[in-house]
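One file, target-v8.txt, is given below (compact mmCIF, N, CA and C atoms).
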```txt
# COMPACT_ATOMS: atom_id res chain seq x y z
N MET A 10 -32.97 9.77 7.02
CA MET A 10 -31.72 9.73 7.76
C MET A 10 -30.76 8.78 7.05
N ILE A 11 -29.50 9.12 7.08
CA ILE A 11 -28.46 8.27 6.51
C ILE A 11 -27.64 7.72 7.67
N ASN A 12 -27.45 6.42 7.72
CA ASN A 12 -26.63 5.79 8.74
C ASN A 12 -25.27 5.47 8.14
N PHE A 13 -24.30 6.32 8.43
CA PHE A 13 -22.97 6.13 7.88
C PHE A 13 -22.25 5.00 8.61
N LYS A 14 -21.51 4.22 7.87
CA LYS A 14 -20.77 3.11 8.44
C LYS A 14 -19.30 3.48 8.66
N ARG A 15 -18.63 4.03 7.64
CA ARG A 15 -17.23 4.43 7.76
C ARG A 15 -16.85 5.20 6.50
N ALA A 16 -15.76 5.91 6.57
CA ALA A 16 -15.22 6.54 5.37
C ALA A 16 -14.57 5.45 4.52
N ASP A 17 -14.74 5.51 3.21
CA ASP A 17 -14.16 4.51 2.32
C ASP A 17 -12.87 5.02 1.67
N HIS A 18 -12.92 6.25 1.14
CA HIS A 18 -11.72 6.78 0.50
C HIS A 18 -11.75 8.30 0.46
N ILE A 19 -10.60 8.86 0.22
CA ILE A 19 -10.39 10.29 0.02
C ILE A 19 -9.86 10.43 -1.39
N HIS A 20 -10.34 11.42 -2.12
CA HIS A 20 -9.83 11.64 -3.48
C HIS A 20 -9.26 13.05 -3.57
N ILE A 21 -8.01 13.15 -4.00
CA ILE A 21 -7.39 14.45 -4.24
C ILE A 21 -6.95 14.50 -5.70
N CYS A 22 -6.67 15.70 -6.17
CA CYS A 22 -6.27 15.86 -7.56
C CYS A 22 -4.93 16.59 -7.66
N VAL A 23 -4.21 16.25 -8.69
CA VAL A 23 -2.93 16.91 -9.01
C VAL A 23 -2.93 17.20 -10.51
N PRO A 24 -2.12 18.17 -10.95
CA PRO A 24 -2.00 18.39 -12.39
C PRO A 24 -1.43 17.13 -13.05
N HIS A 25 -1.85 16.87 -14.29
CA HIS A 25 -1.45 15.66 -15.01
C HIS A 25 0.06 15.48 -15.02
N GLU A 26 0.79 16.56 -15.26
CA GLU A 26 2.25 16.47 -15.37
C GLU A 26 2.93 16.20 -14.02
N MET A 27 2.18 16.24 -12.92
CA MET A 27 2.76 16.00 -11.59
C MET A 27 2.31 14.68 -10.98
N LEU A 28 1.62 13.84 -11.74
CA LEU A 28 1.08 12.60 -11.21
C LEU A 28 2.18 11.69 -10.66
N GLU A 29 3.27 11.53 -11.38
CA GLU A 29 4.35 10.64 -10.90
C GLU A 29 5.02 11.23 -9.67
N GLU A 30 5.16 12.55 -9.62
CA GLU A 30 5.72 13.22 -8.44
C GLU A 30 4.80 12.99 -7.24
N ALA A 31 3.49 13.04 -7.46
CA ALA A 31 2.52 12.79 -6.39
C ALA A 31 2.65 11.35 -5.87
N LYS A 32 2.82 10.41 -6.78
CA LYS A 32 3.01 9.01 -6.38
C LYS A 32 4.23 8.89 -5.47
N LEU A 33 5.33 9.52 -5.84
CA LEU A 33 6.54 9.47 -5.02
C LEU A 33 6.35 10.16 -3.68
N PHE A 34 5.69 11.32 -3.66
CA PHE A 34 5.46 12.04 -2.41
C PHE A 34 4.65 11.19 -1.44
N TYR A 35 3.55 10.62 -1.92
CA TYR A 35 2.67 9.87 -1.02
C TYR A 35 3.24 8.50 -0.62
N THR A 36 4.17 7.95 -1.39
CA THR A 36 4.82 6.71 -0.96
C THR A 36 6.07 7.01 -0.14
N ASN A 37 6.95 7.88 -0.62
CA ASN A 37 8.24 8.10 0.03
C ASN A 37 8.20 9.05 1.22
N VAL A 38 7.41 10.11 1.16
CA VAL A 38 7.36 11.07 2.27
C VAL A 38 6.25 10.72 3.25
N ILE A 39 5.06 10.51 2.75
CA ILE A 39 3.93 10.21 3.63
C ILE A 39 3.94 8.75 4.09
N GLY A 40 4.50 7.86 3.28
CA GLY A 40 4.67 6.47 3.70
C GLY A 40 3.49 5.57 3.42
N LEU A 41 2.66 5.92 2.43
CA LEU A 41 1.51 5.08 2.10
C LEU A 41 1.90 3.97 1.15
N GLN A 42 1.15 2.88 1.23
CA GLN A 42 1.37 1.72 0.36
C GLN A 42 0.47 1.84 -0.87
N LEU A 43 1.07 1.72 -2.04
CA LEU A 43 0.33 1.73 -3.30
C LEU A 43 -0.50 0.46 -3.39
N ILE A 44 -1.79 0.59 -3.76
CA ILE A 44 -2.65 -0.58 -3.93
C ILE A 44 -3.17 -0.60 -5.37
N LYS A 45 -3.66 -1.75 -5.79
CA LYS A 45 -4.13 -1.90 -7.17
C LYS A 45 -5.37 -1.05 -7.41
N ARG A 46 -5.33 -0.32 -8.49
CA ARG A 46 -6.47 0.49 -8.94
C ARG A 46 -7.19 -0.31 -10.02
N PRO A 47 -8.49 -0.50 -9.90
CA PRO A 47 -9.20 -1.29 -10.91
C PRO A 47 -8.99 -0.75 -12.33
N ASP A 48 -8.94 -1.63 -13.28
CA ASP A 48 -8.69 -1.25 -14.67
C ASP A 48 -9.93 -0.68 -15.37
N VAL A 49 -11.00 -0.46 -14.67
CA VAL A 49 -12.25 0.00 -15.29
C VAL A 49 -12.27 1.50 -15.58
N PHE A 50 -11.28 2.23 -15.07
CA PHE A 50 -11.28 3.68 -15.23
C PHE A 50 -10.58 4.09 -16.52
N SER A 51 -11.15 5.07 -17.20
CA SER A 51 -10.51 5.59 -18.41
C SER A 51 -9.49 6.67 -18.06
N SER A 52 -9.58 7.23 -16.87
CA SER A 52 -8.64 8.26 -16.43
C SER A 52 -7.42 7.62 -15.76
N VAL A 53 -6.40 8.42 -15.53
CA VAL A 53 -5.20 7.93 -14.87
C VAL A 53 -5.23 8.30 -13.39
N GLY A 54 -4.44 7.61 -12.60
CA GLY A 54 -4.37 7.92 -11.18
C GLY A 54 -3.77 6.76 -10.40
N TYR A 55 -3.67 6.96 -9.11
CA TYR A 55 -3.13 5.94 -8.20
C TYR A 55 -4.02 5.83 -6.98
N TRP A 56 -4.03 4.65 -6.38
CA TRP A 56 -4.71 4.42 -5.11
C TRP A 56 -3.69 3.96 -4.09
N PHE A 57 -3.90 4.39 -2.83
CA PHE A 57 -3.01 4.06 -1.73
C PHE A 57 -3.82 3.59 -0.54
N LYS A 58 -3.22 2.73 0.29
CA LYS A 58 -3.82 2.29 1.54
C LYS A 58 -3.47 3.31 2.61
N MET A 59 -4.49 3.82 3.33
CA MET A 59 -4.30 4.79 4.41
C MET A 59 -5.13 4.31 5.60
N ALA A 60 -4.49 3.57 6.50
CA ALA A 60 -5.19 2.94 7.62
C ALA A 60 -6.30 2.06 7.06
N ASP A 61 -7.55 2.29 7.44
CA ASP A 61 -8.64 1.43 6.94
C ASP A 61 -9.45 2.10 5.83
N ILE A 62 -8.87 3.13 5.20
CA ILE A 62 -9.50 3.76 4.04
C ILE A 62 -8.48 3.85 2.91
N ALA A 63 -8.88 4.37 1.79
CA ALA A 63 -7.96 4.53 0.66
C ALA A 63 -7.82 6.00 0.31
N LEU A 64 -6.68 6.36 -0.21
CA LEU A 64 -6.43 7.68 -0.78
C LEU A 64 -6.34 7.49 -2.28
N HIS A 65 -7.18 8.20 -3.03
CA HIS A 65 -7.16 8.14 -4.49
C HIS A 65 -6.57 9.44 -5.01
N ILE A 66 -5.65 9.33 -5.94
CA ILE A 66 -5.09 10.51 -6.59
C ILE A 66 -5.47 10.46 -8.05
N GLY A 67 -6.14 11.51 -8.49
CA GLY A 67 -6.52 11.65 -9.89
C GLY A 67 -5.88 12.91 -10.46
N VAL A 68 -6.14 13.18 -11.71
CA VAL A 68 -5.56 14.36 -12.35
C VAL A 68 -6.66 15.36 -12.70
N GLU A 69 -6.30 16.63 -12.60
CA GLU A 69 -7.21 17.72 -12.88
C GLU A 69 -6.37 18.97 -13.08
N ASP A 70 -6.83 19.87 -13.92
CA ASP A 70 -6.11 21.12 -14.09
C ASP A 70 -5.99 21.83 -12.76
N GLY A 71 -4.87 22.53 -12.57
CA GLY A 71 -4.61 23.22 -11.31
C GLY A 71 -5.73 24.15 -10.90
N LEU A 72 -6.04 24.13 -9.64
CA LEU A 72 -7.06 25.00 -9.07
C LEU A 72 -6.41 25.88 -8.01
N PRO A 73 -7.00 27.01 -7.69
CA PRO A 73 -6.42 27.83 -6.62
C PRO A 73 -6.52 27.10 -5.29
N ARG A 74 -5.62 27.43 -4.38
CA ARG A 74 -5.62 26.81 -3.06
C ARG A 74 -6.94 27.09 -2.37
N SER A 75 -7.42 26.12 -1.64
CA SER A 75 -8.72 26.18 -0.99
C SER A 75 -8.59 25.75 0.46
N ILE A 76 -9.62 26.04 1.24
CA ILE A 76 -9.66 25.51 2.60
C ILE A 76 -10.27 24.11 2.63
N ARG A 77 -10.73 23.61 1.47
CA ARG A 77 -11.22 22.23 1.42
C ARG A 77 -10.12 21.31 1.92
N HIS A 78 -10.48 20.31 2.68
CA HIS A 78 -9.47 19.40 3.20
C HIS A 78 -10.13 18.12 3.68
N THR A 79 -9.28 17.15 3.94
CA THR A 79 -9.67 15.91 4.58
C THR A 79 -8.89 15.84 5.89
N ALA A 80 -9.53 15.38 6.93
CA ALA A 80 -8.85 15.22 8.23
C ALA A 80 -8.68 13.74 8.52
N VAL A 81 -7.48 13.40 8.97
CA VAL A 81 -7.16 12.00 9.28
C VAL A 81 -6.60 11.95 10.69
N GLU A 82 -7.15 11.07 11.52
CA GLU A 82 -6.64 10.88 12.86
C GLU A 82 -5.35 10.06 12.81
N VAL A 83 -4.36 10.48 13.58
CA VAL A 83 -3.09 9.76 13.68
C VAL A 83 -2.81 9.43 15.14
N THR A 84 -1.89 8.51 15.38
CA THR A 84 -1.60 8.12 16.76
C THR A 84 -0.66 9.08 17.46
N ASP A 85 0.21 9.77 16.71
CA ASP A 85 1.17 10.70 17.32
C ASP A 85 1.32 11.92 16.40
N VAL A 86 0.50 12.94 16.67
CA VAL A 86 0.48 14.11 15.81
C VAL A 86 1.81 14.88 15.86
N ASP A 87 2.49 14.87 17.01
CA ASP A 87 3.78 15.56 17.11
C ASP A 87 4.84 14.88 16.24
N ALA A 88 4.86 13.56 16.24
CA ALA A 88 5.81 12.83 15.39
C ALA A 88 5.49 13.07 13.92
N ALA A 89 4.20 13.14 13.57
CA ALA A 89 3.81 13.41 12.18
C ALA A 89 4.28 14.80 11.77
N ARG A 90 4.10 15.80 12.64
CA ARG A 90 4.55 17.16 12.35
C ARG A 90 6.06 17.19 12.13
N LYS A 91 6.82 16.53 13.01
CA LYS A 91 8.27 16.52 12.87
C LYS A 91 8.68 15.87 11.55
N HIS A 92 8.05 14.75 11.22
CA HIS A 92 8.37 14.05 9.97
C HIS A 92 8.14 14.96 8.77
N LEU A 93 7.00 15.64 8.74
CA LEU A 93 6.69 16.52 7.62
C LEU A 93 7.64 17.72 7.59
N ASN A 94 7.94 18.29 8.76
CA ASN A 94 8.91 19.39 8.83
C ASN A 94 10.26 18.94 8.29
N ASP A 95 10.69 17.74 8.67
CA ASP A 95 11.98 17.21 8.21
C ASP A 95 12.03 17.06 6.69
N HIS A 96 10.87 16.93 6.06
CA HIS A 96 10.80 16.79 4.60
C HIS A 96 10.42 18.10 3.91
N GLY A 97 10.41 19.21 4.67
CA GLY A 97 10.16 20.51 4.07
C GLY A 97 8.72 20.72 3.62
N VAL A 98 7.79 19.99 4.19
CA VAL A 98 6.38 20.11 3.81
C VAL A 98 5.77 21.31 4.55
N GLU A 99 4.99 22.11 3.83
CA GLU A 99 4.36 23.29 4.42
C GLU A 99 3.32 22.89 5.46
N ILE A 100 3.45 23.48 6.67
CA ILE A 100 2.53 23.23 7.77
C ILE A 100 1.62 24.45 7.92
N VAL A 101 0.35 24.20 8.18
CA VAL A 101 -0.62 25.27 8.43
C VAL A 101 -1.24 25.02 9.80
N GLU A 102 -1.15 26.03 10.66
CA GLU A 102 -1.75 25.89 12.00
C GLU A 102 -3.26 25.97 11.90
N GLU A 103 -3.94 25.19 12.72
CA GLU A 103 -5.39 25.17 12.77
C GLU A 103 -5.86 25.74 14.10
N PRO A 104 -7.04 26.32 14.14
CA PRO A 104 -7.58 26.80 15.42
C PRO A 104 -7.67 25.66 16.43
N VAL A 105 -7.49 26.00 17.69
CA VAL A 105 -7.53 25.00 18.76
C VAL A 105 -8.97 24.53 18.96
N ILE A 106 -9.12 23.23 19.04
CA ILE A 106 -10.40 22.60 19.37
C ILE A 106 -10.15 21.76 20.62
N PRO A 107 -10.88 22.01 21.70
CA PRO A 107 -10.66 21.22 22.92
C PRO A 107 -10.72 19.72 22.64
N GLY A 108 -9.78 18.99 23.21
CA GLY A 108 -9.75 17.54 23.06
C GLY A 108 -9.02 17.04 21.83
N ARG A 109 -8.46 17.97 21.05
CA ARG A 109 -7.74 17.57 19.83
C ARG A 109 -6.46 18.38 19.69
N ILE A 110 -5.43 17.72 19.21
CA ILE A 110 -4.22 18.41 18.76
C ILE A 110 -4.22 18.24 17.26
N ARG A 111 -4.05 19.34 16.52
CA ARG A 111 -4.18 19.20 15.07
C ARG A 111 -3.40 20.27 14.33
N PHE A 112 -3.11 19.98 13.09
CA PHE A 112 -2.52 20.91 12.15
C PHE A 112 -2.84 20.41 10.76
N ALA A 113 -2.60 21.24 9.77
CA ALA A 113 -2.79 20.81 8.39
C ALA A 113 -1.45 20.90 7.68
N PHE A 114 -1.33 20.16 6.60
CA PHE A 114 -0.17 20.34 5.73
C PHE A 114 -0.67 20.52 4.31
N ILE A 115 0.15 21.18 3.51
CA ILE A 115 -0.16 21.39 2.11
C ILE A 115 0.80 20.53 1.31
N ASP A 116 0.27 19.59 0.54
CA ASP A 116 1.16 18.76 -0.26
C ASP A 116 1.71 19.59 -1.42
N PRO A 117 2.70 19.08 -2.14
CA PRO A 117 3.31 19.86 -3.22
C PRO A 117 2.36 20.21 -4.36
N PHE A 118 1.11 19.75 -4.28
CA PHE A 118 0.15 19.95 -5.36
C PHE A 118 -1.03 20.81 -4.90
N ASP A 119 -0.84 21.50 -3.77
CA ASP A 119 -1.82 22.41 -3.15
C ASP A 119 -3.04 21.72 -2.55
N ASN A 120 -2.94 20.43 -2.23
CA ASN A 120 -4.00 19.75 -1.50
C ASN A 120 -3.76 19.94 -0.01
N ARG A 121 -4.80 20.28 0.71
CA ARG A 121 -4.72 20.49 2.16
C ARG A 121 -5.18 19.20 2.84
N MET A 122 -4.38 18.73 3.81
CA MET A 122 -4.72 17.54 4.59
C MET A 122 -4.53 17.89 6.06
N GLU A 123 -5.53 17.60 6.88
CA GLU A 123 -5.43 17.84 8.31
C GLU A 123 -5.08 16.54 9.02
N LEU A 124 -4.15 16.63 9.96
CA LEU A 124 -3.82 15.49 10.81
C LEU A 124 -4.22 15.86 12.23
N LEU A 125 -4.82 14.93 12.94
CA LEU A 125 -5.26 15.24 14.30
C LEU A 125 -5.07 14.04 15.20
N GLN A 126 -4.94 14.37 16.49
CA GLN A 126 -4.86 13.35 17.53
C GLN A 126 -5.89 13.73 18.58
N ILE A 127 -6.72 12.79 18.95
CA ILE A 127 -7.73 13.03 19.99
C ILE A 127 -7.08 12.73 21.34
N ILE A 128 -7.19 13.70 22.24
CA ILE A 128 -6.56 13.55 23.56
C ILE A 128 -7.59 13.51 24.67
```

Is it possible to give me this structure as structure tokens?
Amino acid sequence: MINFKRADHIHICVPHEMLEEAKLFYTNVIGLQLIKRPDVFSSVGYWFKMADIALHIGVEDGLPRSIRHTAVEVTDVDAARKHLNDHGVEIVEEPVIPGRIRFAFIDPFDNRMELLQII
């Protein structure tokens, strides 16, 4: 048995030529704070603070869109939806799950992220 303590980080990928655009999207639109990435990596990328976990962005050749995703709980899912709509971010409706309000968004690099609020 594995006793999980907490999620530590989420890692998504963007094409190399879009790395700086991804940095701007996740700081300016999503509102995450850039944090120091250790110098031990030979690859390029950025790390961001996302509540009590980190979001890591690395580079990888483009892949087809997938249903793979990460889900993050937020305090006000309706406000998050409005904010993303106001920035022209693609919204994807998710099936209803009792006790949760949720939707997904597709970032400009075809990464799927689910936002949810437990009610």

Item to check | Which residue of A:Ile110, A:Glu102, A:His65, A:Pro73 approaches A:Asp87 most closely, using all atoms listed in the file | outcome: A:Ile110

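Note that atom C of A:Leu125 and atom N of A:Glu82 are 5.2 Å apart.
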
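Considering the residues A:Val83, A:Ile62, A:Ile44, A:Leu72 and counting all atoms listed in the file, A:Asp17 has its shortest atom-to-atom contact with A:Ile62.
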
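The space between atom CA of A:Ala88 and atom CA of A:Phe118 spans 22.7 Å.
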
Checklist entry - Residues of chain A in helix (DSSP H, G or I) according to DSSP, as number ranges by chain? => result A: 25-38, 86-95

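Nearest to A:Leu93 of all the residues A:Tyr55, A:Phe50, A:Arg121, A:Val38 is A:Val38, counting only N, CA and C atoms.
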
Next on the checklist: Please compute the atom C of A:Arg15-atom C of A:Ile76 distance, one decimal, in Å.
Outcome noted: 20.4 Å

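Around A:Val53, within 9 Å and counting only C-alpha atoms, the residues found are His25, Leu28, Ile66, Gly67 and Val68 of chain A, once anything fewer than 6 positions away on its own chain is removed.
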
Please save N, CA and C atoms of the selected residues as a PDB file, keeping the file's coordinate frame.
```pdb
ATOM      1  N   HIS A  25      -1.850  16.870 -14.290  1.00  0.00           N
ATOM      2  CA  HIS A  25      -1.450  15.660 -15.010  1.00  0.00           C
ATOM      3  C   HIS A  25       0.060  15.480 -15.020  1.00  0.00           C
ATOM      4  N   LEU A  28       1.620  13.840 -11.740  1.00  0.00           N
ATOM      5  CA  LEU A  28       1.080  12.600 -11.210  1.00  0.00           C
ATOM      6  C   LEU A  28       2.180  11.690 -10.660  1.00  0.00           C
ATOM      7  N   ILE A  66      -5.650   9.330  -5.940  1.00  0.00           N
ATOM      8  CA  ILE A  66      -5.090  10.510  -6.590  1.00  0.00           C
ATOM      9  C   ILE A  66      -5.470  10.460  -8.050  1.00  0.00           C
ATOM     10  N   GLY A  67      -6.140  11.510  -8.490  1.00  0.00           N
ATOM     11  CA  GLY A  67      -6.520  11.650  -9.890  1.00  0.00           C
ATOM     12  C   GLY A  67      -5.880  12.910 -10.460  1.00  0.00           C
ATOM     13  N   VAL A  68      -6.140  13.180 -11.710  1.00  0.00           N
ATOM     14  CA  VAL A  68      -5.560  14.360 -12.350  1.00  0.00           C
ATOM     15  C   VAL A  68      -6.660  15.360 -12.700  1.00  0.00           C
TER      16      VAL A  68
END
```

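By only C-alpha atoms, and with residues fewer than 6 positions from A:Arg90 along its chain excluded, the set lying at most 10 Å from it is His96, Val98, Ile100, Arg111, Phe112, Ala113, Phe114 and Leu124 of chain A.
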